[in-house]
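Peer 1: Sending over a structure as C-alpha cells; questions will come in a sec.
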Amino acid sequence: MSRTAIGALRHRITIEEPLRTTIEGGAATESWRTVAKVFAKIIPQSGRDVVEGDRVVGRTTHQVTLRYRSNVTRHQRIGFEGRYLDIVSVRDVDSRNRWLICECMERTP
C-alpha cells in the first residue's frame with residue numbers, strides 16, 4: 001500500500017467488542033464494550049438492496065483503513081457518526097504491522 005497521509009484518517013471511530021452475559025433463567029444478553037477510539041479513513045464501496053425475510057433492506061459496504069492494531073478482529077464492530085459497521089474481514093497491509101484494512105458491512109437499524 002502506498003503511504004497514507006495522516007490527514008486521510010479524518011473519521012473518529014470507536015472499535016467495540018461484544019460483551020455477552022447470562023441473566024436469570026439462562027438467557028443471554030449482548031451489549032458492546034469500547035476497545036479503542038482511533039482515527040480512520042472510511043470509503044463506501046458498494047450499496048445494494050437485498051430481500052431479508054419479507055422486506056427489502058439496503059446493504060452498504062465500506063473499507064476502513066486505520067493504523068495497525070493487533071487486537072482488531074472480525075468479531076468486533078466499528079461505530080462512527082451514530083452508525084455501526086460489522087467487521088467482515090481484517091487485513092494487515094503488506095504484513096508490515098503498519099496499516100489495517102477492514103472490510104465492513106453497515107448494520108441496518
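We label chains A, B, ... in the order they appear in the C-alpha cells, count residues from 1 in each chain, and number ligands from 1 in the order shown.
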Skipping near chain neighbours, those fewer than 5 positions away, what residues fall within 7 Å of Ile87 of chain A using only C-alpha atoms, listed as a ChimeraX atom specification?
Peer 2: /A:74-77,102-105
Peer 1: Have a look at A:Val38, A:Ile15, A:Leu85, A:Ile78 and name the one nearest to Thr61 of chain A; count only C-alpha atoms.
Peer 2: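 Checking each candidate against Thr61 of chain A, we get A:Leu85 as the closest.
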Peer 1: Hey, which of A:His62, A:Arg12, A:Arg20, A:Arg55 ends up closest to Ser89 of chain A? Count only C-alpha atoms.
Peer 2: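 For Ser89 of chain A, the nearest of the candidates is A:His62.
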Peer 1: With only C-alpha atoms as the atoms that count, which of A:Ala40, A:Gly53, A:Ser46, A:Val90 lies nearest to Thr65 of chain A?
Peer 2: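 Nearest candidate to Thr65 of chain A out of A:Ala40, A:Gly53, A:Ser46, A:Val90: A:Ala40.
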Peer 1: Choose the residue, out of A:Thr29, A:Thr73, A:Thr14, A:Gln63, that has the smallest atom-to-atom separation from Ile42 of chain A; count only C-alpha atoms.
Peer 2: A:Gln63
Peer 1: As a ChimeraX atom specification, please: the residues near Arg33 of chain A (cut-off 8 Å, only C-alpha atoms, same-chain neighbours under 5 positions excluded).
Peer 2: /A:16-19
Peer 1: Could you turn the residues from that selection into a file that holds C-alpha atoms, as a PDB file, in the first residue's frame?
Peer 2:
```
ATOM      1  CA  GLU A  16     -16.281  -2.190  20.017  1.00  0.00           C
ATOM      2  CA  GLU A  17     -16.453  -5.836  21.045  1.00  0.00           C
ATOM      3  CA  PRO A  18     -19.490  -7.832  22.163  1.00  0.00           C
ATOM      4  CA  LEU A  19     -19.971  -8.461  25.853  1.00  0.00           C
TER       5      LEU A  19
END
```
Peer 1: Out of A:Lys41, A:Arg98, A:Arg91, A:Arg107, which residue has the shortest atom-to-atom distance to Arg59 of chain A when counting only C-alpha atoms?
Peer 2: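 Comparing A:Lys41, A:Arg98, A:Arg91, A:Arg107 against Arg59 of chain A, the winner is A:Arg107.
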Peer 1: Using DSSP on the backbone coordinates, identify all residues within chain A classified as helix (DSSP H, G or I); present the result as JSON, numbers by chain.
Peer 2: {"A": [6, 7, 8, 93, 94, 95]}
Peer 1: Write out the residues from the selection above, keeping N, CA, C and O atoms, as a short mmCIF file (atom, residue, chain, number, x, y, z; two decimals), in the first residue's frame.
Peer 2:
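Output (selection_9.cif):
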```
data_model
loop_
_atom_site.label_atom_id
_atom_site.label_comp_id
_atom_site.auth_asym_id
_atom_site.auth_seq_id
_atom_site.Cartn_x
_atom_site.Cartn_y
_atom_site.Cartn_z
N ILE A 6 -1.48 11.25 6.93
CA ILE A 6 -2.15 11.30 8.23
C ILE A 6 -3.47 12.06 8.13
O ILE A 6 -4.43 11.76 8.82
N GLY A 7 -3.55 13.04 7.23
CA GLY A 7 -4.79 13.81 7.05
C GLY A 7 -5.93 13.00 6.48
O GLY A 7 -7.09 13.38 6.59
N ALA A 8 -5.61 11.85 5.87
CA ALA A 8 -6.66 10.99 5.30
C ALA A 8 -7.44 10.27 6.41
O ALA A 8 -8.56 9.83 6.20
N VAL A 93 -1.98 -4.83 5.88
CA VAL A 93 -1.46 -4.45 4.57
C VAL A 93 0.03 -4.76 4.50
O VAL A 93 0.81 -4.33 5.36
N ASP A 94 0.44 -5.49 3.50
CA ASP A 94 1.84 -5.87 3.25
C ASP A 94 2.47 -6.64 4.41
O ASP A 94 3.69 -6.78 4.46
N SER A 95 1.69 -7.12 5.36
CA SER A 95 2.20 -7.85 6.54
C SER A 95 3.34 -7.12 7.23
O SER A 95 4.31 -7.73 7.68
#
```
Peer 1: From the list A:Leu9, A:Val88, A:Ala36, A:Ile43, which residue is nearest Val64 of chain A when using only C-alpha atoms?
Peer 2: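 When distances to Val64 of chain A are compared using only C-alpha atoms, the smallest one comes from A:Ile43.
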Peer 1: Could you tell me, as a ChimeraX atom specification, which residues of chain A DSSP assigns to strand (DSSP E) when given the backbone?
Peer 2: /A:11-22,28-52,55-67,77-80,83-92,99-106
